[in-house]
file query06.csv (CSV, C-alpha atoms)
chain,number,residue,atom,x,y,z
L,105,MET,CA,98.4,106.0,70.1
L,106,VAL,CA,95.3,108.2,70.6
L,107,GLU,CA,93.2,105.5,69.0
L,108,LYS,CA,94.5,102.9,71.5
L,109,TRP,CA,93.3,105.1,74.4
L,110,SER,CA,89.9,105.4,72.7
L,111,HIS,CA,87.6,107.8,74.5
L,112,PHE,CA,89.4,108.4,77.8
L,113,GLU,CA,86.9,111.1,78.8
L,114,GLY,CA,84.1,108.6,78.3
L,115,VAL,CA,85.8,106.1,80.5
L,116,LEU,CA,86.1,108.7,83.3
L,117,THR,CA,82.3,109.2,83.2
L,118,ASN,CA,81.7,105.4,83.2
L,119,SER,CA,80.2,105.3,79.7
L,120,ASN,CA,82.2,102.1,79.0
L,121,GLY,CA,80.8,99.1,80.9
L,122,HIS,CA,84.2,97.4,81.3
L,123,HIS,CA,86.2,100.3,82.6
L,124,ILE,CA,86.1,102.4,85.8
L,125,TYR,CA,88.6,104.7,87.4
L,126,GLY,CA,90.2,104.8,90.8
L,127,TYR,CA,92.0,107.5,92.7
L,128,ILE,CA,95.3,107.1,94.5
L,129,GLY,CA,95.1,109.0,97.8
L,130,MET,CA,97.4,111.9,98.5
L,131,CYS,CA,99.0,109.9,101.4
L,132,ASP,CA,99.3,106.6,99.6
L,133,ARG,CA,102.9,106.0,98.8
L,134,ARG,CA,102.8,102.2,98.5
L,135,MET,CA,103.7,102.2,94.8
L,136,MET,CA,106.0,105.2,94.6
L,137,PRO,CA,107.6,106.0,92.2
L,138,LEU,CA,105.4,104.2,89.7
L,139,LEU,CA,102.1,105.5,91.0
L,140,ARG,CA,102.3,108.9,92.6
L,141,PRO,CA,99.8,110.1,95.2
L,142,GLY,CA,96.9,111.8,93.5
L,143,SER,CA,97.1,109.7,90.4
L,144,ILE,CA,94.0,108.4,88.6
L,145,VAL,CA,94.1,104.9,87.4
L,146,LEU,CA,92.0,103.3,84.6
L,147,VAL,CA,90.8,99.9,85.7
L,148,ASP,CA,89.5,97.1,83.5
L,149,ALA,CA,86.7,95.7,85.7
L,150,SER,CA,86.3,92.6,83.6
L,151,LEU,CA,89.7,91.3,84.7
L,152,HIS,CA,89.4,89.9,88.2
L,153,LYS,CA,92.0,87.1,88.2
L,154,ILE,CA,95.5,87.8,89.3
L,155,ASP,CA,97.9,87.2,86.5
L,156,ASP,CA,101.3,86.3,88.0
L,157,GLY,CA,102.7,85.2,84.7
L,158,ASP,CA,105.3,86.5,82.3
L,159,TRP,CA,106.7,89.9,83.2
L,160,THR,CA,110.3,90.9,83.1
L,161,THR,CA,110.4,94.4,84.5
L,162,GLU,CA,108.4,96.4,87.1
L,163,HIS,CA,106.7,98.3,84.2
L,164,ASP,CA,105.4,95.0,82.8
L,165,ARG,CA,104.1,93.6,86.0
L,166,PRO,CA,100.4,93.9,86.2
L,167,MET,CA,98.8,96.1,88.8
L,168,TYR,CA,95.3,95.6,90.3
L,169,PHE,CA,92.8,97.8,92.1
L,170,VAL,CA,91.4,95.9,95.1
L,171,GLU,CA,88.6,96.8,97.6
L,172,VAL,CA,89.5,96.0,101.2
L,173,ARG,CA,87.5,96.7,104.5
L,174,ASP,CA,89.2,100.1,105.1
L,175,GLY,CA,89.2,101.4,101.5
L,176,TYR,CA,91.1,100.4,98.4
L,177,ARG,CA,94.6,99.3,97.4
L,178,CYS,CA,96.3,99.7,94.1
L,179,GLY,CA,99.5,97.9,93.1
L,180,TRP,CA,101.1,94.5,92.6
L,181,PHE,CA,99.3,91.5,94.0
L,182,HIS,CA,99.8,87.7,94.1
L,183,GLN,CA,97.4,85.1,95.5
L,184,GLU,CA,98.4,82.3,97.8
L,185,GLY,CA,95.3,80.1,98.1
L,186,SER,CA,92.7,82.2,99.9
L,187,ARG,CA,95.2,84.9,100.8
L,188,LEU,CA,95.7,88.0,98.7
L,189,VAL,CA,99.1,89.6,99.2
L,190,MET,CA,100.0,93.2,98.1
L,191,GLN,CA,103.6,93.8,97.4
L,192,PRO,CA,104.5,97.5,97.6
L,193,HIS,CA,107.2,99.0,95.4
L,194,PRO,CA,110.6,98.4,97.1
L,195,LEU,CA,111.5,102.1,97.0
L,196,SER,CA,108.3,103.0,98.9
L,197,HIS,CA,109.6,101.4,102.1
L,198,CYS,CA,106.1,100.1,102.8
L,199,PHE,CA,105.4,96.6,104.1
L,200,PRO,CA,103.4,93.9,102.3
L,201,GLU,CA,99.8,93.5,103.3
L,202,THR,CA,97.6,90.4,103.2
L,203,TRP,CA,93.8,89.7,103.3
L,204,ARG,CA,91.5,86.7,103.0
L,205,VAL,CA,89.5,86.5,99.8
L,206,PRO,CA,86.6,87.0,99.5
L,207,GLU,CA,86.0,87.8,103.2
L,208,GLU,CA,88.4,90.8,103.5
L,209,ALA,CA,89.2,91.8,99.9
L,210,GLU,CA,87.7,91.8,96.4
L,211,ILE,CA,89.6,92.3,93.2
L,212,VAL,CA,87.9,95.2,91.4
L,213,GLY,CA,90.0,94.9,88.2
L,214,ARG,CA,93.4,95.3,86.5
L,215,VAL,CA,95.0,98.7,86.0
L,216,THR,CA,95.4,99.5,82.3
L,217,GLY,CA,96.3,103.2,82.4
L,218,VAL,CA,97.5,106.0,84.7
L,219,VAL,CA,97.1,109.7,84.7
L,220,THR,CA,99.5,111.5,87.1
L,221,ARG,CA,101.1,114.8,87.9
L,222,LEU,CA,104.8,115.0,87.2
L,223,ASN,CA,105.3,117.5,90.1
L,224,GLU,CA,103.6,116.9,93.4
L,225,PRO,CA,101.6,119.9,94.7
L,226,GLY,CA,103.9,120.1,97.7
L,227,ASN,CA,106.9,120.7,95.5
L,228,VAL,CA,105.4,123.5,93.5
L,229,PRO,CA,105.6,126.9,95.1
L,230,PRO,CA,102.3,128.7,95.5
L,231,ARG,CA,101.2,131.1,92.7
L,232,GLY,CA,102.7,134.6,93.1
L,233,SER,CA,105.5,133.5,95.5
L,234,PRO,CA,108.8,135.1,94.5
L,235,GLU,CA,111.6,132.8,93.5
L,236,GLY,CA,114.3,135.4,92.9
L,237,PRO,CA,116.2,136.0,89.6
L,238,GLY,CA,115.4,132.5,88.2
L,239,ASP,CA,111.6,132.9,88.6
L,240,TRP,CA,110.1,130.9,85.7
L,241,SER,CA,106.6,132.0,86.5
L,242,ARG,CA,107.0,135.7,85.9
L,243,LYS,CA,105.7,137.4,82.7
L,244,VAL,CA,108.1,138.2,79.9
L,245,PRO,CA,107.6,141.8,78.6

call {"tool": "encode", "arguments": {"input": "query06.csv", "output": "structure tokens"}}
result
Amino acid sequence: MVEKWSHFEGVLTNSNGHHIYGYIGMCDRRMMPLLRPGSIVLVDASLHKIDDGDWTTEHDRPMYFVEVRDGYRCGWFHQEGSRLVMQPHPLSHCFPETWRVPEEAEIVGRVTGVVTRLNEPGNVPPRGSPEGPGDWSRKVP
């Protein structure tokens, strides 16, 4: 498995010409629970065509990183002629968005990996805050 990931650190510093990384903003919940806010995505910038082909589950459906006028979007996309449509995850309660290609949006690449936190910072108590008898952060003598 480690060999499949290759040199992930090198990818983060852009030493590989085909891969770049993107950041999912802390307020971006469009793909929750698959992509948590604050995640880093690995993007294959050589794959610019939307593949709406054979996928059977939400985990198999390809995600793309797209540049739009007001920033970036990361998630599921499909193309209808010159319209690019982002379909957010149903559990996110976000609405689909559309843009004209290439005037309003450009496909940066296909997402091939994700690095994410398992606990969002808002759910983790600050260091040193008492949690009572079940405090897992205290030292064991």

call {"tool": "atom_distance", "arguments": {"input": "query06.csv", "atom1": "CA of Pro206 (chain L)", "atom2": "CA of Tyr125 (chain L)"}}
result
21.5 Å

call {"tool": "residues_around", "arguments": {"input": "query06.csv", "residues": "Met167 (chain L)", "least_positions_apart": "5", "cutoff": "8 Å", "atoms": "all atoms listed in the file", "output": "NGL selection string"}}
result
:L and (178-181 or 214-215)

call {"tool": "closest_residue", "arguments": {"input": "query06.csv", "among": "L:Met136, L:Ile154, L:Leu222, L:Ile124", "to": "Pro194 (chain L)", "atoms": "all atoms listed in the file"}}
result
L:Met136

call {"tool": "closest_residue", "arguments": {"input": "query06.csv", "among": "L:Gly121, L:His197, L:Thr220, L:Arg133", "to": "Val145 (chain L)", "atoms": "only C-alpha atoms"}}
result
L:Thr220

call {"tool": "closest_residue", "arguments": {"input": "query06.csv", "among": "L:Leu151, L:Val172, L:Val212, L:Leu195", "to": "Met135 (chain L)", "atoms": "all atoms listed in the file"}}
result
L:Leu195

call {"tool": "residues_around", "arguments": {"input": "query06.csv", "residues": "region 189-192 of chain L", "least_positions_apart": "3", "cutoff": "7 Å", "atoms": "all atoms listed in the file", "output": "list in words"}}
result
Arg134, Met135, Gly179, Trp180, Phe181, His182, Gln183, Ser196, Cys198, Phe199, Pro200, Glu201, Thr202 and Trp203 of chain L

call {"tool": "closest_residue", "arguments": {"input": "query06.csv", "among": "L:Val147, L:Cys131, L:Ser186, L:Glu162", "to": "Gly217 (chain L)", "atoms": "all atoms listed in the file"}}
result
L:Val147

call {"tool": "atom_distance", "arguments": {"input": "query06.csv", "atom1": "CA of Ile211 (chain L)", "atom2": "CA of Tyr168 (chain L)"}}
result
7.2 Å

call {"tool": "atom_distance", "arguments": {"input": "query06.csv", "atom1": "CA of Glu208 (chain L)", "atom2": "CA of Asp148 (chain L)"}}
result
21.0 Å

call {"tool": "residues_around", "arguments": {"input": "query06.csv", "residues": "Tyr127 (chain L)", "least_positions_apart": "4", "cutoff": "7 Å", "atoms": "only C-alpha atoms", "output": "VMD selection string"}}
result
chain L and resid 142 to 145

call {"tool": "closest_residue", "arguments": {"input": "query06.csv", "among": "L:Glu184, L:Asp155, L:Thr216, L:Arg204", "to": "Gly126 (chain L)", "atoms": "only C-alpha atoms"}}
result
L:Thr216

call {"tool": "closest_residue", "arguments": {"input": "query06.csv", "among": "L:Arg173, L:His152, L:Arg221, L:Arg187", "to": "Met130 (chain L)", "atoms": "all atoms listed in the file"}}
result
L:Arg221
